[in-house]
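As stored in work.txt (compact mmCIF, C-alpha atoms):
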# COMPACT_ATOMS: atom_id res chain seq x y z
CA GLU A 1042 0.00 0.00 0.00
CA ILE A 1043 1.21 3.51 -0.72
CA ILE A 1044 1.45 5.36 2.59
CA PHE A 1045 3.07 8.75 2.98
CA THR A 1046 3.75 11.40 5.58
CA ILE A 1047 3.43 15.14 5.04
CA ASP A 1048 5.23 17.33 7.57
CA GLY A 1049 7.39 20.42 7.81
CA ASP A 1050 10.92 20.17 6.46
CA ASP A 1051 12.39 20.26 9.97
CA THR A 1052 10.05 17.70 11.57
CA LYS A 1053 11.89 14.95 13.44
CA ASP A 1054 9.13 12.97 15.13
CA ILE A 1055 6.96 11.80 12.28
CA ASP A 1056 3.87 10.48 14.00
CA ASP A 1057 1.15 10.37 11.34
CA ALA A 1058 0.75 9.15 7.79
CA ILE A 1059 -2.04 8.74 5.25
CA SER A 1060 -3.06 6.53 2.39
CA ILE A 1061 -5.82 7.06 -0.13
CA LYS A 1062 -7.46 5.17 -2.94
CA LYS A 1063 -10.62 5.26 -4.97
CA ILE A 1064 -12.64 2.10 -4.50
CA SER A 1065 -15.14 2.97 -7.24
CA LYS A 1066 -16.11 6.01 -9.29
CA ASP A 1067 -17.81 7.67 -6.33
CA VAL A 1068 -16.17 6.05 -3.28
CA TYR A 1069 -12.88 6.98 -1.61
CA GLU A 1070 -10.98 5.13 1.11
CA LEU A 1071 -8.82 7.30 3.35
CA GLY A 1072 -6.35 5.64 5.70
CA VAL A 1073 -4.99 7.54 8.68
CA HIS A 1074 -2.04 5.92 10.45
CA ILE A 1075 -0.78 7.14 13.84
CA ALA A 1076 2.47 5.91 15.38
CA ASP A 1077 1.63 3.41 18.15
CA VAL A 1078 3.80 4.39 21.09
CA SER A 1079 1.65 2.33 23.48
CA HIS A 1080 3.67 -0.75 22.57
CA TYR A 1081 6.80 0.90 24.02
CA VAL A 1082 5.37 3.27 26.65
CA LYS A 1083 3.33 1.32 29.21
CA GLU A 1084 1.09 2.64 31.97
CA ASN A 1085 2.41 2.57 35.54
CA THR A 1086 6.05 2.58 34.48
CA ALA A 1087 8.60 5.36 34.96
CA LEU A 1088 8.47 6.12 31.24
CA GLY A 1089 4.67 6.02 31.12
CA ASP A 1090 4.35 8.21 34.21
CA ALA A 1091 6.79 10.79 32.81
CA ALA A 1092 4.90 10.89 29.47
CA TYR A 1093 1.58 11.25 31.31
CA GLU A 1094 2.96 14.10 33.40
CA ARG A 1095 4.19 15.99 30.32
CA GLY A 1096 0.97 15.29 28.44
CA THR A 1097 2.34 16.46 25.10
CA SER A 1098 5.52 17.51 23.36
CA SER A 1099 6.37 21.21 23.70
CA TYR A 1100 7.69 23.21 20.76
CA LEU A 1101 9.75 26.26 21.72
CA ALA A 1102 11.52 28.31 19.05
CA ASP A 1103 14.01 25.82 17.55
CA THR A 1104 13.73 23.33 20.41
CA VAL A 1105 11.40 20.45 21.11
CA ILE A 1106 10.83 18.96 24.53
CA PRO A 1107 9.35 15.59 23.58
CA MET A 1108 6.70 13.82 25.60
CA ILE A 1109 8.81 10.67 25.34
CA PRO A 1110 12.62 10.41 24.96
CA HIS A 1111 14.17 11.38 21.60
CA LYS A 1112 15.38 7.81 21.01
CA LEU A 1113 11.75 6.73 20.94
CA SER A 1114 10.01 9.80 19.48
CA ASN A 1115 12.51 10.24 16.65
CA GLY A 1116 13.45 6.56 16.39
CA ILE A 1117 11.32 3.45 16.72
CA CYS A 1118 8.11 5.46 17.31
CA SER A 1119 8.65 7.68 14.28
CA LEU A 1120 7.03 6.68 10.99
CA ASN A 1121 10.25 6.97 9.03
CA GLU A 1122 10.32 6.21 5.32
CA GLY A 1123 11.10 2.65 4.27
CA VAL A 1124 10.97 0.90 7.66
CA ASN A 1125 8.26 -1.18 9.33
CA ARG A 1126 6.57 0.64 12.20
CA LEU A 1127 3.70 -0.10 14.57
CA ALA A 1128 0.65 2.09 14.05
CA LEU A 1129 -2.95 2.54 15.01
CA ALA A 1130 -4.94 2.98 11.84
CA ILE A 1131 -8.40 3.87 10.66
CA ASP A 1132 -9.78 3.30 7.20
CA ILE A 1133 -12.72 5.56 6.41
CA THR A 1134 -14.85 5.15 3.31
CA PHE A 1135 -16.42 8.34 1.92
CA ASP A 1136 -18.95 8.88 -0.84
CA ARG A 1137 -18.66 11.66 -3.43
CA ASP A 1138 -20.53 14.06 -1.12
CA GLY A 1139 -18.10 13.54 1.76
CA ASN A 1140 -20.39 11.34 3.82
CA ALA A 1141 -18.57 8.69 5.85
CA LEU A 1142 -20.03 5.34 4.82
CA GLU A 1143 -18.03 3.09 7.12
CA SER A 1144 -14.84 2.94 9.10
CA ARG A 1145 -12.67 0.42 10.87
CA ILE A 1146 -9.95 0.93 13.45
CA PHE A 1147 -7.11 -1.56 13.75
CA LYS A 1148 -3.51 -2.07 14.80
CA ALA A 1149 -1.10 -2.30 11.89
CA VAL A 1150 2.49 -2.58 10.82
CA ILE A 1151 3.09 0.00 8.11
CA LYS A 1152 5.98 1.01 5.89
CA VAL A 1153 5.94 4.63 4.75
CA SER A 1154 6.58 4.83 1.02
CA LYS A 1155 7.61 8.48 1.00
CA ARG A 1156 8.32 11.21 3.52
CA MET A 1157 6.85 14.37 2.01
CA SER A 1158 6.93 18.03 2.98
CA TYR A 1159 4.12 20.57 2.92
CA ASP A 1160 6.09 22.85 0.58
CA LYS A 1161 6.83 20.12 -1.95
CA VAL A 1162 3.28 18.74 -1.94
CA TYR A 1163 2.01 22.28 -2.54
CA LYS A 1164 4.37 22.57 -5.52
CA VAL A 1165 3.17 19.26 -6.96
CA LEU A 1166 -0.51 20.15 -6.56
CA ASN A 1167 0.11 23.50 -8.26
CA LEU A 1168 2.47 22.07 -10.91
CA GLU A 1169 5.16 24.58 -9.91
CA ASP A 1170 8.56 22.89 -9.81
CA MET A 1171 9.82 20.33 -12.33
CA GLU A 1172 12.42 18.89 -9.93
CA VAL A 1173 9.81 18.31 -7.23
CA LEU A 1174 7.34 16.96 -9.79
CA LYS A 1175 9.96 14.38 -10.82
CA GLU A 1176 10.73 13.48 -7.21
CA TYR A 1177 7.03 12.94 -6.38
CA GLN A 1178 5.97 11.50 -9.75
CA ALA A 1179 5.31 8.00 -8.35
CA PHE A 1180 2.83 9.53 -5.87
CA GLU A 1181 1.16 12.09 -8.13
CA LYS A 1182 -2.07 10.08 -8.51
CA GLU A 1183 -2.50 9.74 -4.73
CA LEU A 1184 -1.71 13.41 -4.08
CA PHE A 1185 -4.31 14.63 -6.56
CA LEU A 1186 -6.82 12.11 -5.19
CA MET A 1187 -6.08 13.44 -1.70
CA LYS A 1188 -6.72 16.98 -2.94
CA GLU A 1189 -9.98 15.87 -4.59
CA LEU A 1190 -11.27 14.31 -1.35
CA ALA A 1191 -10.02 17.26 0.74
CA LEU A 1192 -12.01 19.70 -1.41
CA ILE A 1193 -15.13 17.53 -1.04
CA LEU A 1194 -14.71 17.38 2.75
CA MET A 1195 -14.01 21.13 3.02
CA LYS A 1196 -17.15 21.90 1.00
CA LYS A 1197 -19.20 19.63 3.25
CA ARG A 1198 -17.79 21.26 6.40
CA GLU A 1199 -18.55 24.72 5.02
CA GLU A 1200 -22.12 23.72 4.13
CA GLU A 1201 -22.56 22.46 7.70
CA GLY A 1202 -21.45 25.83 9.13
CA SER A 1203 -17.84 25.12 10.02
CA ILE A 1204 -15.62 28.09 10.76
CA SER A 1205 -12.18 28.15 9.14
CA PHE A 1206 -9.34 28.91 11.52
CA ASP A 1207 -6.72 28.60 8.79
CA ILE A 1208 -4.12 30.99 10.15
CA LYS A 1209 -0.51 31.10 9.02
CA GLU A 1210 1.65 29.48 11.66
CA THR A 1211 4.14 31.76 13.35
CA LYS A 1212 7.69 30.50 13.51
CA VAL A 1213 10.28 32.10 15.78

Show me, as structure tokens, the structure contained in the file I just sent.
Amino acid sequence: EIIFTIDGDDTKDIDDAISIKKISKDVYELGVHIADVSHYVKENTALGDAAYERGTSSYLADTVIPMIPHKLSNGICSLNEGVNRLALAIDITFDRDGNALESRIFKAVIKVSKRMSYDKVYKVLNLEDMEVLKEYQAFEKELFLMKELALILMKKREEEGSISFDIKETKV
């Protein structure tokens, strides 16, 4: 299966990935894969207690204070390209109007096909940079399918009264 991550260029702890395919003319299947740290970080252990106390990773200027140690967050618990990793996954089937038809949640072992960046994906979707287009050529179909489904879902959210909080992220 083609699974890819999309993060900032400087991201170290890659904790989510997606897959997408069209099952029929009007039906999409979106896969969301989240790194499964629960296999390594157990409740009622020193590591589990420390992670619980922190609650989340903290991002400060050019520094990250991870919820779990770097060796885990950037290593075995990071969905790095080309290596098998444990994940919690959900497959959601959508119709052409963005209605969820069914979903299933499961534990998985995944192998990320490509680590992508927001900037490069943007360039592919806007046909802006020949070098990037070549680099991402094997994933072009999935990226445009992702955009197609994203537009459907955004339209549905807007019709249902959703407010857009799309604000440019500040970086110090």

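Using all atoms listed in the file for every distance, the candidate list A:Ala1091, A:Thr1097, A:Leu1120, A:Asp1160 yields A:Asp1160 as the residue closest to A:Asp1051.
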
Any chance you could tabulate, as a tab-separated table, the residues of stretch 1042-1130 of chain A at most 9 Å from stretch 1184-1208 of chain A with each one's nearest atom pair and distance in Å to one decimal, using all atoms listed in the file, in chain and rising number order?
residue	atom	partner	partner_atom	distance
A:Ser1060	CA	A:Met1187	CA	8.6
A:Ile1061	CA	A:Met1187	CA	6.6
A:Lys1062	CA	A:Leu1186	CA	7.3
A:Lys1063	CA	A:Leu1186	CA	7.8
A:Tyr1069	CA	A:Leu1190	CA	7.5
A:Leu1071	CA	A:Met1187	CA	8.4

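The interatomic distance for the pair atom CA of A:Thr1104 and atom CA of A:Asp1054 works out to 12.5 Å.
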
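For the pair atom CA of A:Ala1141 and atom CA of A:Lys1066, the separation is 15.6 Å.
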
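Residue nearest A:Ser1144, chosen from A:Asp1050, A:Glu1084, A:Asp1132, A:Asp1103 and counting all atoms listed in the file: A:Asp1132.
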
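Here the residues that fall within 10 Å of (11.2, 7.0, 17.9), using all atoms listed in the file, are given as A:Lys1053, A:Asp1054, A:Ile1055, A:Asp1056, A:Ala1076, A:Val1078, A:Tyr1081, A:Ile1109, A:Pro1110, A:His1111, A:Lys1112, A:Leu1113, A:Ser1114, A:Asn1115, A:Gly1116, A:Ile1117, A:Cys1118, A:Ser1119, A:Leu1120, A:Asn1121, A:Arg1126.
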
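Candidate residues A:Lys1161, A:His1080, A:Lys1148, A:Lys1155 were compared for distance to A:Ala1128, and the nearest is A:Lys1148, using only C-alpha atoms.
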
_What's around A:Ile1146 at 9 Å? Count all atoms listed in the file, leave out sequence neighbours fewer than 4 positions away in its own chain, and write the answer as number ranges by chain._
A: 1129-1133

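Here atom CA of A:Asp1048 and atom CA of A:Arg1137 stand 26.9 Å from one another.
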
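The smallest atom-to-atom distance between A:Val1068 and any of A:Asp1170, A:Asp1138, A:Phe1180, A:Phe1045, using only C-alpha atoms, is found for A:Asp1138.
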
*Compile the contact shell of A:Asn1125 as a VMD selection string: residues with an atom at most 8 Å away, counting all atoms listed in the file, same-chain residues fewer than 4 positions apart removed.*
chain A and resid 1150 to 1153
